$ cat input25.cif   # mmCIF, C-alpha atoms
data_target
#
loop_
_atom_site.label_atom_id
_atom_site.label_comp_id
_atom_site.auth_asym_id
_atom_site.auth_seq_id
_atom_site.Cartn_x
_atom_site.Cartn_y
_atom_site.Cartn_z
CA LEU A 170 80.16 3.87 274.66
CA VAL A 171 76.85 2.78 276.13
CA ASN A 172 73.80 4.58 274.70
CA GLU A 173 71.53 5.02 277.65
CA LYS A 174 67.85 5.55 276.86
CA GLU A 175 66.01 8.34 278.57
CA PRO A 176 63.55 7.19 281.18
CA PHE A 177 60.01 6.57 279.85
CA ASP A 178 57.57 9.24 280.99
CA GLU A 179 54.07 7.79 280.68
CA LYS A 180 52.34 11.05 281.65
CA GLU A 181 54.17 13.07 278.97
CA THR A 182 53.26 10.50 276.32
CA LEU A 183 49.57 10.66 277.25
CA ASP A 184 49.63 14.47 277.09
CA GLU A 185 51.05 14.36 273.57
CA LYS A 186 48.39 11.88 272.45
CA GLU A 187 45.60 14.04 273.83
CA ALA A 188 47.07 17.08 272.03
CA LEU A 189 46.95 15.24 268.72
CA ASP A 190 43.34 14.22 269.29
CA VAL A 191 42.23 17.81 269.82
CA LYS A 192 40.20 18.98 266.81
CA GLU A 193 39.21 22.47 265.82
CA PRO A 194 35.53 23.23 266.28
CA LEU A 195 33.50 22.42 263.19
CA VAL A 196 32.18 25.38 261.22
CA GLU A 197 28.58 24.77 260.29
CA GLU A 198 28.29 24.86 256.47
CA LYS A 199 25.53 26.93 254.95
CA PRO A 200 22.83 25.10 253.01
CA ARG A 201 23.73 24.90 249.33
CA ALA A 202 21.71 27.02 246.93
CA ALA A 203 19.23 25.39 244.57
CA SER A 204 18.71 26.07 240.88
CA GLY A 205 17.75 29.69 240.30
CA GLU A 206 19.01 30.86 243.68
CA THR A 207 21.82 33.36 244.34
CA CYS A 208 25.34 32.05 244.84
CA ASN A 209 28.86 33.39 245.36
CA ASP A 210 31.67 30.86 245.69
CA ALA A 211 34.34 33.54 245.20
CA ALA A 212 33.49 35.70 248.24
CA ALA A 213 35.25 35.69 251.61
CA PRO A 214 34.80 32.33 253.41
CA ALA A 215 32.24 33.70 255.86
CA PHE A 216 30.04 34.96 253.04
CA ARG A 217 30.38 32.18 250.46
CA THR A 218 27.29 30.47 249.11
CA TYR A 219 27.78 27.31 247.08
CA CYS A 220 25.42 25.66 244.63
CA ALA A 221 23.93 22.24 245.17
CA GLU A 222 25.57 19.25 243.51
CA GLY A 223 25.22 19.25 239.74
CA LEU A 224 24.74 23.03 239.52
CA THR A 225 27.13 25.79 238.45
CA CYS A 226 27.35 29.33 239.85
CA ASP A 227 26.91 31.44 236.71
CA TYR A 228 28.07 35.05 237.07
CA PRO A 229 26.89 38.02 234.96
CA GLY A 230 29.55 39.25 232.56
CA GLN A 231 31.59 42.39 233.29
CA MET A 232 30.15 42.85 236.80
CA THR A 233 33.06 42.40 239.21
CA GLY A 234 31.97 41.34 242.69
CA ALA A 235 28.37 40.59 241.72
CA SER A 236 26.69 37.42 242.91
CA GLY A 237 25.81 34.65 240.48
CA VAL A 238 22.87 32.33 239.97
CA CYS A 239 22.90 28.56 240.37
CA LYS A 240 22.15 26.88 237.04
CA LYS A 241 22.23 23.41 235.58
CA ILE A 242 24.50 23.72 232.53
CA VAL A 243 24.90 20.93 229.97
CA GLY A 244 27.10 20.38 226.91
CA HIS A 245 26.74 19.91 223.17
CA GLY A 246 24.06 17.43 222.11
CA GLU A 247 22.41 17.26 225.54
CA GLN A 248 18.81 18.14 226.32
CA CYS A 249 18.07 21.67 227.47
CA ASN A 250 15.15 23.91 228.33
CA ASP A 251 16.02 27.48 229.23
CA ALA A 252 12.37 28.54 228.87
CA MET A 253 11.31 26.73 232.04
CA PRO A 254 11.04 28.44 235.44
CA ALA A 255 14.47 29.00 237.01
CA ALA A 256 14.12 26.12 239.47
CA HIS A 257 13.71 23.61 236.63
CA ALA A 258 15.58 25.26 233.75
CA VAL A 259 18.48 23.52 232.00
CA TYR A 260 20.96 25.79 230.19
CA CYS A 261 23.57 25.21 227.48
CA GLY A 262 27.26 25.86 228.05
CA THR A 263 29.42 28.60 226.53
CA GLY A 264 29.18 28.87 222.75
CA LEU A 265 26.01 26.76 222.63
CA GLN A 266 22.34 27.57 222.27
CA CYS A 267 19.19 25.62 223.06
CA GLU A 268 17.35 24.76 219.81
CA PHE A 269 13.75 23.61 220.17
CA PRO A 270 11.78 21.44 217.72
CA GLU A 271 9.19 23.29 215.66
CA ASN A 272 5.48 22.96 216.39
CA MET A 273 6.12 21.17 219.69
CA PRO A 274 5.37 23.67 222.49
CA GLY A 275 6.74 22.62 225.87
CA ALA A 276 9.20 20.12 224.43
CA SER A 277 12.84 20.15 225.48
CA GLY A 278 15.53 21.34 223.08
CA VAL A 279 19.05 20.22 222.25
CA CYS A 280 22.25 22.18 222.84
CA LYS A 281 23.87 23.09 219.52
CA GLN A 282 26.68 25.39 218.48
CA ALA A 283 25.64 29.04 218.57
CA PRO A 284 26.42 31.41 215.67
CA TYR A 285 29.37 33.73 216.16
CA PRO A 286 28.02 37.22 216.98
CA GLY A 287 27.53 39.23 213.80
CA TYR A 288 27.57 36.14 211.54
CA GLU A 289 24.00 34.98 212.11
CA HIS A 290 23.13 35.71 208.45
CA CYS A 291 25.90 33.41 207.16
CA SER A 292 25.66 29.75 206.18
CA ALA A 293 25.70 26.65 208.37
CA PRO A 294 27.70 23.52 207.47
CA GLY A 295 25.87 21.37 204.94
CA ALA A 296 23.65 24.20 203.73
CA GLY A 297 25.97 25.49 201.01
CA CYS A 298 27.75 28.84 201.14
CA LYS A 299 28.23 29.91 197.50
CA SER A 300 25.50 32.54 197.89
CA THR A 301 26.75 34.03 201.18
CA GLY A 302 30.52 33.45 201.08
CA CYS A 303 30.65 33.29 204.87
CA CYS A 304 30.02 30.85 207.74
CA LYS A 305 28.02 31.42 210.90
CA PHE A 306 30.15 29.26 213.24
CA ALA A 307 33.52 30.21 214.72
CA GLY A 308 36.64 28.94 212.95
CA MET A 309 34.92 27.95 209.69
CA THR A 310 35.61 29.05 206.11
CA CYS A 311 33.49 28.82 202.98
CA PHE A 312 35.42 26.50 200.63
CA GLU A 313 34.58 25.95 196.96
CA LYS A 314 34.03 22.48 195.55
CA ASN A 315 33.21 23.52 191.99
CA GLU A 316 31.26 26.22 190.18
CA TYR A 317 28.01 24.88 191.62
CA TRP A 318 28.78 24.08 195.26
CA GLY A 319 30.72 25.30 198.28
CA ASP A 320 30.40 24.49 201.98
CA CYS A 321 31.55 25.65 205.41
CA MET A 322 34.39 23.65 206.97
CA GLU A 323 37.33 24.29 209.27
CA THR A 324 39.84 22.89 206.76
CA CYS A 325 39.69 21.61 203.20
CA ALA A 326 41.98 19.24 201.28
CA PRO A 327 41.90 19.64 197.47
CA GLY A 328 40.76 16.52 195.63
CA VAL A 329 38.09 13.89 196.16
CA HIS A 330 36.61 13.59 199.66
CA GLU A 331 35.49 10.25 201.10
CA HIS A 332 31.80 9.34 201.27
CA GLU A 333 30.87 11.91 198.61
CA ASP A 334 30.00 11.88 194.92
CA GLY A 335 33.56 11.35 193.69
CA LYS A 336 33.91 14.88 192.32
CA PRO A 337 37.01 16.80 193.49
CA TRP A 338 37.15 19.95 195.60
CA THR A 339 39.16 22.97 194.50
CA CYS A 340 39.14 24.24 198.12
CA ASN A 341 39.37 27.85 196.97
CA GLU A 342 38.42 30.16 199.83
CA LEU A 343 35.26 32.10 198.94
CA GLY A 344 35.48 34.37 201.98
CA GLU A 345 37.34 35.08 205.20
CA ARG A 346 37.48 32.63 208.10
CA THR A 347 34.92 33.31 210.84
CA PRO A 348 36.79 34.48 213.97
CA GLY A 349 36.44 33.09 217.49
CA LYS A 350 38.43 29.87 217.20
CA GLU A 351 42.02 28.93 216.36
CA VAL A 352 42.25 26.38 213.56
CA LEU A 353 45.39 24.43 212.59
CA VAL A 354 45.71 24.55 208.81
CA GLU A 355 48.08 22.15 207.04
CA LYS A 356 49.64 23.63 203.93
CA GLU A 357 50.93 21.50 201.05
CA ILE A 358 54.73 21.39 200.70
CA LEU A 359 56.51 20.49 197.47
CA GLU A 360 59.17 17.84 198.08
CA GLU A 361 61.60 16.03 195.77
CA LEU A 362 64.70 13.87 195.99
CA VAL A 363 67.89 15.49 194.74
CA PRO A 364 71.50 14.21 194.72
CA ASP A 365 73.83 15.81 197.26
CA GLU A 366 77.59 16.43 196.88
CA LYS A 367 78.34 12.75 197.46
CA GLY A 368 75.81 11.57 194.93
CA SER A 369 73.29 10.14 197.41
CA LEU A 370 69.64 11.14 197.25
CA THR A 371 68.38 13.46 199.96
CA GLU A 372 64.99 15.06 200.45
CA GLN A 373 64.86 18.76 199.69
CA VAL A 374 61.90 21.02 200.39
CA LEU A 375 61.30 23.47 197.59
CA GLU A 376 58.96 26.41 197.21
CA PRO A 377 56.96 26.35 193.97
CA VAL A 378 58.47 28.94 191.59
CA THR A 379 57.09 30.25 188.29
CA GLU A 380 59.78 31.39 185.84
CA PHE A 381 59.10 33.83 183.03
CA ILE A 382 61.76 33.45 180.27
CA ALA A 383 61.87 36.27 177.69
CA PRO A 384 63.08 35.32 174.15
CA LEU A 385 66.58 36.56 173.27
CA PRO A 386 66.75 39.37 170.66
CA GLU A 387 67.78 38.27 167.20
CA LYS A 388 71.43 39.09 166.33
CA PRO A 389 72.05 40.90 163.05
CA ALA A 390 73.93 38.95 160.38
CA PRO A 391 77.66 39.82 160.18
CA PRO A 392 78.57 42.05 157.20
CA GLU A 393 80.12 40.26 154.23
CA GLN A 394 83.82 40.97 153.75
CA GLU A 395 85.05 42.50 150.47
CA VAL A 396 88.30 41.15 148.97
CA VAL A 397 90.12 43.16 146.29
CA ILE A 398 92.73 41.40 144.10
CA GLU A 399 94.76 42.99 141.27
CA ASP A 400 95.50 40.65 138.34
CA SER A 401 98.60 40.57 136.04
CA ALA A 402 96.86 42.50 133.27
CA GLY A 403 96.28 45.47 135.50
CA GLY A 404 92.64 44.67 136.12
CA VAL A 405 90.97 44.52 139.56
CA VAL A 406 89.02 41.52 140.80
CA THR A 407 86.56 42.21 143.61
CA LYS A 408 85.01 39.29 145.64
CA THR A 409 82.05 40.04 147.92
CA GLY A 410 80.58 36.95 149.50
CA GLY A 411 80.29 34.47 146.66
CA VAL A 412 80.07 37.09 143.85
CA VAL A 413 83.22 37.91 141.80
CA THR A 414 83.42 41.18 139.86
CA LYS A 415 86.26 42.01 137.39
CA THR A 416 87.02 45.58 136.26
CA GLY A 417 89.70 47.13 134.02
#

$ encode --input "input25.cif" --output "structure tokens"
Amino acid sequence: LVNEKEPFDEKETLDEKEALDVKEPLVEEKPRAASGETCNDAAAPAFRTYCAEGLTCDYPGQMTGASGVCKKIVGHGEQCNDAMPAAHAVYCGTGLQCEFPENMPGASGVCKQAPYPGYEHCSAPGAGCKSTGCCKFAGMTCFEKNEYWGDCMETCAPGVHEHEDGKPWTCNELGERTPGKEVLVEKEILEELVPDEKGSLTEQVLEPVTEFIAPLPEKPAPPEQEVVIEDSAGGVVTKTGGVVTKTG
């Protein structure tokens, strides 16, 4: 069979090319909002207002449908200044607060972890927590080192910690963990090697068990048996234990 090609239609090919080159009319984009200006990047396309590059549209909490405000938001350890006018302010991200140096009015601050609401009176890491028994930052617990010292940490391993004074930690919890953050806690597991049915050693995980063994009650001494023997003279010989008594 001969496969005959369809005749080449130059006009049809040109029409298809022109159709591909047709572009939809460009929609003129609105000017992007500057720092401190209103924004709404979640509205219908015709009503959206985006922030300029480097800014974030920050919405008020629990106000569905409300517009936001364009802000420059930075992370932990970065410089901030939320006391400046809105056009020049720099804010800290979620869970952070802008801490300013003392006696330096007008200076910028640094973004640091903010206390968990309701725990502002508790201790910060490194400040000691024996007196408060609680920690101001989410996910931390007040752990005891000894009778003199305790500190706020997310986890604590009993024993000597590196880069310290060589004194061990008991890691007893002196209070409840501050909520607001999930923390993975590794618990110590008791392990030992025990022989299996074939005599080879296998690893077995055991739970620590404390056994209380009560002493057995003392058994009373068995009663001594009495043996009565009659002799040839008509007398009676009685033997109780090792004592022999003769009558008659």

$ closest_residue --input "input25.cif" --among "A:Gln282, A:Glu333, A:Cys304, A:Asp320" --to "Glu345 of chain A" --atoms "all atoms listed in the file"
A:Cys304

$ residues_around --input "input25.cif" --residues "segment 263-265 of chain A" --least-positions-apart "3" --cutoff "10 Å" --atoms "all atoms listed in the file" --output "PyMOL selection string"
chain A and resi 242-246+260+268+279-285+306-307+349

$ residues_around --input "input25.cif" --residues "His257 of chain A" --least-positions-apart "3" --cutoff "9 Å" --atoms "all atoms listed in the file" --output "ChimeraX atom specification"
/A:204-205,241,250-251,253-254

$ resolve_selection --input "input25.cif" --expression "the PyMOL selection byres ((chain A and resi 347) around 12)" --output "JSON, numbers by chain"
{"A": [284, 285, 286, 287, 288, 289, 291, 292, 293, 302, 303, 304, 305, 306, 307, 308, 309, 310, 311, 321, 322, 323, 342, 343, 344, 345, 346, 348, 349, 350, 351, 352]}

$ write_last_selection --input "input25.cif" --atoms "C-alpha atoms" --output "PDB file, in the frame of the given file"
ATOM      1  CA  PRO A 284      26.420  31.410 215.670  1.00  0.00           C
ATOM      2  CA  TYR A 285      29.370  33.730 216.160  1.00  0.00           C
ATOM      3  CA  PRO A 286      28.020  37.220 216.980  1.00  0.00           C
ATOM      4  CA  GLY A 287      27.530  39.230 213.800  1.00  0.00           C
ATOM      5  CA  TYR A 288      27.570  36.140 211.540  1.00  0.00           C
ATOM      6  CA  GLU A 289      24.000  34.980 212.110  1.00  0.00           C
ATOM      7  CA  CYS A 291      25.900  33.410 207.160  1.00  0.00           C
ATOM      8  CA  SER A 292      25.660  29.750 206.180  1.00  0.00           C
ATOM      9  CA  ALA A 293      25.700  26.650 208.370  1.00  0.00           C
ATOM     10  CA  GLY A 302      30.520  33.450 201.080  1.00  0.00           C
ATOM     11  CA  CYS A 303      30.650  33.290 204.870  1.00  0.00           C
ATOM     12  CA  CYS A 304      30.020  30.850 207.740  1.00  0.00           C
ATOM     13  CA  LYS A 305      28.020  31.420 210.900  1.00  0.00           C
ATOM     14  CA  PHE A 306      30.150  29.260 213.240  1.00  0.00           C
ATOM     15  CA  ALA A 307      33.520  30.210 214.720  1.00  0.00           C
ATOM     16  CA  GLY A 308      36.640  28.940 212.950  1.00  0.00           C
ATOM     17  CA  MET A 309      34.920  27.950 209.690  1.00  0.00           C
ATOM     18  CA  THR A 310      35.610  29.050 206.110  1.00  0.00           C
ATOM     19  CA  CYS A 311      33.490  28.820 202.980  1.00  0.00           C
ATOM     20  CA  CYS A 321      31.550  25.650 205.410  1.00  0.00           C
ATOM     21  CA  MET A 322      34.390  23.650 206.970  1.00  0.00           C
ATOM     22  CA  GLU A 323      37.330  24.290 209.270  1.00  0.00           C
ATOM     23  CA  GLU A 342      38.420  30.160 199.830  1.00  0.00           C
ATOM     24  CA  LEU A 343      35.260  32.100 198.940  1.00  0.00           C
ATOM     25  CA  GLY A 344      35.480  34.370 201.980  1.00  0.00           C
ATOM     26  CA  GLU A 345      37.340  35.080 205.200  1.00  0.00           C
ATOM     27  CA  ARG A 346      37.480  32.630 208.100  1.00  0.00           C
ATOM     28  CA  PRO A 348      36.790  34.480 213.970  1.00  0.00           C
ATOM     29  CA  GLY A 349      36.440  33.090 217.490  1.00  0.00           C
ATOM     30  CA  LYS A 350      38.430  29.870 217.200  1.00  0.00           C
ATOM     31  CA  GLU A 351      42.020  28.930 216.360  1.00  0.00           C
ATOM     32  CA  VAL A 352      42.250  26.380 213.560  1.00  0.00           C
TER      33      VAL A 352
END

$ axis_aligned_box --input "input25.cif" --around "segment 310-319 of chain A" --padding-each-side "3 Å" --output "lines of an AutoDock Vina configuration file"
center_x = 31.8
center_y = 25.8
center_z = 198.1
size_x = 13.6
size_y = 12.6
size_z = 21.9

$ atom_distance --input "input25.cif" --atom1 "atom CA of Gly234 of chain A" --atom2 "atom CA of Ala255 of chain A"
22.2 Å

$ resolve_selection --input "input25.cif" --expression "the PyMOL selection byres ((chain A and resi 315) around 12)" --output "list in words"
Gly297, Cys298, Lys299, Phe312, Glu313, Lys314, Glu316, Tyr317, Trp318, Gly319, Asp320, Pro327, Gly328, Val329, Lys336, Pro337, Trp338, Thr339, Cys340, Asn341, Glu342 and Leu343 of chain A

$ atom_distance --input "input25.cif" --atom1 "atom CA of Gly275 of chain A" --atom2 "atom CA of Ala203 of chain A"
22.7 Å

$ closest_residue --input "input25.cif" --among "A:Gly237, A:Gly230, A:Pro270, A:Gly278" --to "Ala258 of chain A" --atoms "all atoms listed in the file"
A:Gly278

$ decode --input "input25.cif" --residues "segment 323-342 of chain A" --atoms "N, CA, C and O atoms" --output "tab-separated table (two decimals), in the first residue's frame"
chain	number	residue	atom	x	y	z
A	323	GLU	N	14.87	22.16	77.31
A	323	GLU	CA	13.84	21.34	76.68
A	323	GLU	C	13.96	19.88	77.11
A	323	GLU	O	12.96	19.21	77.35
A	324	THR	N	15.18	19.38	77.21
A	324	THR	CA	15.43	18.02	77.68
A	324	THR	C	16.63	18.03	78.61
A	324	THR	O	17.42	18.99	78.63
A	325	CYS	N	16.76	16.96	79.39
A	325	CYS	CA	17.87	16.87	80.34
A	325	CYS	C	18.31	15.43	80.46
A	325	CYS	O	17.49	14.53	80.65
A	326	ALA	N	19.61	15.19	80.35
A	326	ALA	CA	20.19	13.84	80.49
A	326	ALA	C	20.90	13.77	81.84
A	326	ALA	O	21.82	14.57	82.10
A	327	PRO	N	20.50	12.84	82.72
A	327	PRO	CA	21.17	12.73	84.02
A	327	PRO	C	22.67	12.47	83.85
A	327	PRO	O	23.09	11.76	82.94
A	328	GLY	N	23.46	13.06	84.74
A	328	GLY	CA	24.91	12.88	84.69
A	328	GLY	C	25.62	14.19	84.44
A	328	GLY	O	25.04	15.28	84.56
A	329	VAL	N	26.88	14.10	84.08
A	329	VAL	CA	27.72	15.28	83.85
A	329	VAL	C	27.48	15.82	82.45
A	329	VAL	O	27.46	15.06	81.48
A	330	HIS	N	27.27	17.13	82.31
A	330	HIS	CA	27.10	17.77	81.02
A	330	HIS	C	28.41	18.40	80.56
A	330	HIS	O	29.19	18.89	81.39
A	331	GLU	N	28.63	18.37	79.27
A	331	GLU	CA	29.88	18.93	78.71
A	331	GLU	C	29.96	20.44	78.95
A	331	GLU	O	28.94	21.12	79.02
A	332	HIS	N	31.17	20.93	79.01
A	332	HIS	CA	31.47	22.37	79.14
A	332	HIS	C	30.87	22.96	80.42
A	332	HIS	O	30.46	24.12	80.44
A	333	GLU	N	30.77	22.14	81.48
A	333	GLU	CA	30.28	22.65	82.75
A	333	GLU	C	31.31	22.36	83.84
A	333	GLU	O	32.48	22.13	83.55
A	334	ASP	N	30.86	22.38	85.08
A	334	ASP	CA	31.79	22.28	86.21
A	334	ASP	C	32.11	20.84	86.61
A	334	ASP	O	32.80	20.62	87.61
A	335	GLY	N	31.62	19.86	85.85
A	335	GLY	CA	31.90	18.47	86.16
A	335	GLY	C	31.00	17.86	87.20
A	335	GLY	O	31.17	16.69	87.57
A	336	LYS	N	30.02	18.60	87.71
A	336	LYS	CA	29.09	18.08	88.69
A	336	LYS	C	27.85	17.54	87.97
A	336	LYS	O	27.35	18.18	87.04
A	337	PRO	N	27.33	16.38	88.38
A	337	PRO	CA	26.24	15.75	87.64
A	337	PRO	C	24.89	16.42	87.87
A	337	PRO	O	24.67	17.08	88.89
A	338	TRP	N	24.00	16.20	86.92
A	338	TRP	CA	22.60	16.63	87.00
A	338	TRP	C	21.74	15.45	87.45
A	338	TRP	O	21.90	14.34	86.96
A	339	THR	N	20.79	15.73	88.35
A	339	THR	CA	19.80	14.71	88.67
A	339	THR	C	18.69	14.68	87.63
A	339	THR	O	18.08	13.64	87.40
A	340	CYS	N	18.43	15.86	87.02
A	340	CYS	CA	17.38	16.03	86.00
A	340	CYS	C	15.98	15.75	86.55
A	340	CYS	O	15.07	15.41	85.78
A	341	ASN	N	15.80	15.91	87.84
A	341	ASN	CA	14.45	15.83	88.40
A	341	ASN	C	13.65	17.05	87.93
A	341	ASN	O	14.16	18.17	87.91
A	342	GLU	N	12.40	16.80	87.53
A	342	GLU	CA	11.55	17.89	87.06
A	342	GLU	C	10.99	18.65	88.26
A	342	GLU	O	10.33	18.07	89.11
